[in-house]
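Reading through the structure tokens given below for one structure.
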Amino acid sequence: MEKILVIGAAGQLGSELTKSLSDIYGGEQVIATDLNEAARSKFDYCRFEVLDIMNQEAAKDLIKKENVKQIYHLAAVLSATGEKKPLFAWDLNMESLLFVLETAKEFKLDKVYWPSSIAVFGPNTPKINTPQYCVKEPNTVYGISKQAGERWCEYYFQKYNVDVRSLRYPGLIGYKSLPGGGTTDYAVDIYHKAISGEKFNCFLRKDSYLPMMYMPDAIKATLDLMQAPKDLVKIRSSYNLSAISFSPKEIYQSILKHFPNFEIEYNPDFRQAIADSWPDSIDDSCAQKDWGWKPEFDLDKMTKDILENLPHYTF
């Protein structure tokens with residue numbers, strides 16, 4: 001039977017998306033892969049294989065052997081980590097995507113999903129309600145690789161009819177995995193500190209607005225896009241996606257409603273410059289119009305859900 005392959009399944013997005021895919025299609029149809037053998041314990045509901053996506057021969061053998069027809073390619077070096085190892089980040093982010101696109105062309109796969117990011121935007125991008133089409137000029141290696149990746153995705157669709165689909169995620173917030181090296185990860189870590197009773201040291205200014213999204217909305221958007229009829233997917237670079245925008249001060253105030261003694265201090269570091277180059281808010285009207293996107297969570301609803309569930313979740 002045809003299989004779905006998730007590359008980089010153990011990350012923040014992958015761990016939750018893989019579970020949703022297994023719930024929809026059945027665990028026997030989903031193969032979760034990750035570089036880390038220790039991730040195996042996360043995937044007792046589906047197949048798991050250790051896979052280094054940079055080992056292209058091993059990856060191609062797996063795709064061919066298992067009759068894989070859909071790939072969700074989630075492996076990447078994120079923004080803050082990428083700035084510490086820029087050449088490594090470029091090599092992994094770009095070589096792996098080109099391999100997946102080329103494999104999709106060669107094996108005539110049904111669909112490919114590849115995530116982009118608000119990191120494609122840059123300091124000259126309109127910051128308020130950033131439009132789908134605008135100046136980008138990213139200034140991080142992560143953003144540069146995502147912008148290049150968008151062009152490759154559209155190229156493979158136009159030239160080879162590879163059905164590749166993509167979303168420009170805002171900062172993703174969830175409680176089922178630990179922060180993974182992104183600039184927006186403060187909005188994940190802050191909930192852990194609140195529950196543990198620790199003061200939170202924020203690496204951004206209190207007034208730094210960034211587009212954000214709760215993980216259930218990100219999973220919903222991804223599945224909505226991938227399940228949409230092919231003719232409704234009009235944008236083959238990557239769709240703008242939006243849910244909520246807030247500052248560190250506002251997320252702190254949302255948590256204070258539940259933990260009135262919670263404390264925060266602001267000590268901006270190199271990630272502040274990355275945040276300053278990104279939009280404050282996103283116009284996702286194309287996603288709304290083309291395939292009916294609509295988020296379900298605002299800031300306070302997200303905070304309530306995380307604080308209720310995180311204490312019962314083990315890593």
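Simple scheme: letters A, B, ... for chains in structure tokens order, numbers from 1 for residues in each chain, numbers from 1 for ligands in the order shown.
The residue set within 12 Å of A:Gln56, counting only C-alpha atoms and dropping same-chain residues fewer than 6 places from it, reads Leu62, Ile63, Leu92, Glu95, Ser96, Leu97, Leu98, Phe99, Val100, Glu102 and Thr103 of chain A.
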Which residues of stretch 38-136 of chain A come within 9 Å of stretch 233-250 of chain A, and for each one, what is the closest pair of atoms and their distance in Å to one decimal, counting only C-alpha atoms, sorted by chain and residue number, as a Markdown table?
```
| residue | atom | partner | partner_atom | distance |
| --- | --- | --- | --- | --- |
| A:Trp114 | CA | A:Ser238 | CA | 8.8 |
| A:Pro115 | CA | A:Ser238 | CA | 8.0 |
| A:Ser116 | CA | A:Ser238 | CA | 6.6 |
| A:Ser117 | CA | A:Asn240 | CA | 8.5 |
| A:Ile118 | CA | A:Asn240 | CA | 8.0 |
| A:Thr130 | CA | A:Asn240 | CA | 8.6 |
| A:Pro131 | CA | A:Asn240 | CA | 7.7 |
| A:Gln132 | CA | A:Asn240 | CA | 5.7 |
```
Could you please write out, as an MDAnalysis selection string, every residue of stretch 78-233 of chain A that DSSP assigns to alpha helix (DSSP H)? chainID A and resid 79:84 86:107 141:160 186:196 215:227
Can you tell me, as a ChimeraX atom specification, which residues in stretch 80-128 of chain A count as strand (DSSP E) by DSSP? /A:111-113,116-117
Output file for the residues above (N, CA and C atoms, as a PDB file, in the first residue's frame):
```pdb
ATOM      1  N   LYS A 111       2.278  13.862  -3.793  1.00  0.00           N
ATOM      2  CA  LYS A 111       2.355  15.191  -3.176  1.00  0.00           C
ATOM      3  C   LYS A 111       3.623  15.302  -2.346  1.00  0.00           C
ATOM      4  N   VAL A 112       4.105  16.529  -2.229  1.00  0.00           N
ATOM      5  CA  VAL A 112       5.211  16.864  -1.327  1.00  0.00           C
ATOM      6  C   VAL A 112       4.788  18.058  -0.504  1.00  0.00           C
ATOM      7  N   TYR A 113       5.086  18.003   0.799  1.00  0.00           N
ATOM      8  CA  TYR A 113       4.890  19.180   1.657  1.00  0.00           C
ATOM      9  C   TYR A 113       6.242  19.630   2.185  1.00  0.00           C
ATOM     10  N   SER A 116       7.806  26.612   4.634  1.00  0.00           N
ATOM     11  CA  SER A 116       8.593  27.831   4.605  1.00  0.00           C
ATOM     12  C   SER A 116       8.323  28.599   5.905  1.00  0.00           C
ATOM     13  N   SER A 117       8.610  29.889   5.919  1.00  0.00           N
ATOM     14  CA  SER A 117       8.621  30.617   7.191  1.00  0.00           C
ATOM     15  C   SER A 117       8.539  32.118   6.944  1.00  0.00           C
TER      16      SER A 117
END
```
Shell around A:Ile255 at 8 Å using only C-alpha atoms, local window under 6 positions removed, as an NGL selection string: :A and (191 or 194 or 262 or 303)
Output of the above residues as a PDB file, in the first residue's frame, restricted to all heavy atoms:
```pdb
ATOM      1  N   TYR A 191       6.074  29.328  28.862  1.00  0.00           N
ATOM      2  CA  TYR A 191       5.055  28.535  29.559  1.00  0.00           C
ATOM      3  C   TYR A 191       5.702  27.507  30.485  1.00  0.00           C
ATOM      4  O   TYR A 191       5.202  27.246  31.584  1.00  0.00           O
ATOM      5  CB  TYR A 191       4.148  27.838  28.547  1.00  0.00           C
ATOM      6  CG  TYR A 191       3.235  28.797  27.808  1.00  0.00           C
ATOM      7  CD1 TYR A 191       3.490  29.142  26.482  1.00  0.00           C
ATOM      8  CD2 TYR A 191       2.122  29.363  28.423  1.00  0.00           C
ATOM      9  CE1 TYR A 191       2.668  30.025  25.798  1.00  0.00           C
ATOM     10  CE2 TYR A 191       1.290  30.242  27.741  1.00  0.00           C
ATOM     11  CZ  TYR A 191       1.567  30.570  26.430  1.00  0.00           C
ATOM     12  OH  TYR A 191       0.741  31.437  25.763  1.00  0.00           O
ATOM     13  N   ALA A 194       6.779  29.394  33.579  1.00  0.00           N
ATOM     14  CA  ALA A 194       5.641  29.783  34.418  1.00  0.00           C
ATOM     15  C   ALA A 194       5.183  28.615  35.275  1.00  0.00           C
ATOM     16  O   ALA A 194       4.939  28.762  36.495  1.00  0.00           O
ATOM     17  CB  ALA A 194       4.492  30.287  33.548  1.00  0.00           C
ATOM     18  N   PHE A 262       4.099  35.145  38.590  1.00  0.00           N
ATOM     19  CA  PHE A 262       5.108  34.878  37.567  1.00  0.00           C
ATOM     20  C   PHE A 262       5.902  36.148  37.251  1.00  0.00           C
ATOM     21  O   PHE A 262       5.331  37.236  37.140  1.00  0.00           O
ATOM     22  CB  PHE A 262       4.410  34.354  36.307  1.00  0.00           C
ATOM     23  CG  PHE A 262       5.330  33.980  35.186  1.00  0.00           C
ATOM     24  CD1 PHE A 262       6.481  33.242  35.407  1.00  0.00           C
ATOM     25  CD2 PHE A 262       5.028  34.361  33.871  1.00  0.00           C
ATOM     26  CE1 PHE A 262       7.317  32.889  34.354  1.00  0.00           C
ATOM     27  CE2 PHE A 262       5.863  34.001  32.815  1.00  0.00           C
ATOM     28  CZ  PHE A 262       7.004  33.267  33.065  1.00  0.00           C
ATOM     29  N   THR A 303      -3.195  30.255  25.674  1.00  0.00           N
ATOM     30  CA  THR A 303      -2.564  30.218  26.993  1.00  0.00           C
ATOM     31  C   THR A 303      -3.308  29.282  27.937  1.00  0.00           C
ATOM     32  O   THR A 303      -2.698  28.462  28.637  1.00  0.00           O
ATOM     33  CB  THR A 303      -2.505  31.635  27.598  1.00  0.00           C
ATOM     34  OG1 THR A 303      -1.603  32.434  26.813  1.00  0.00           O
ATOM     35  CG2 THR A 303      -2.019  31.614  29.036  1.00  0.00           C
TER      36      THR A 303
END
```
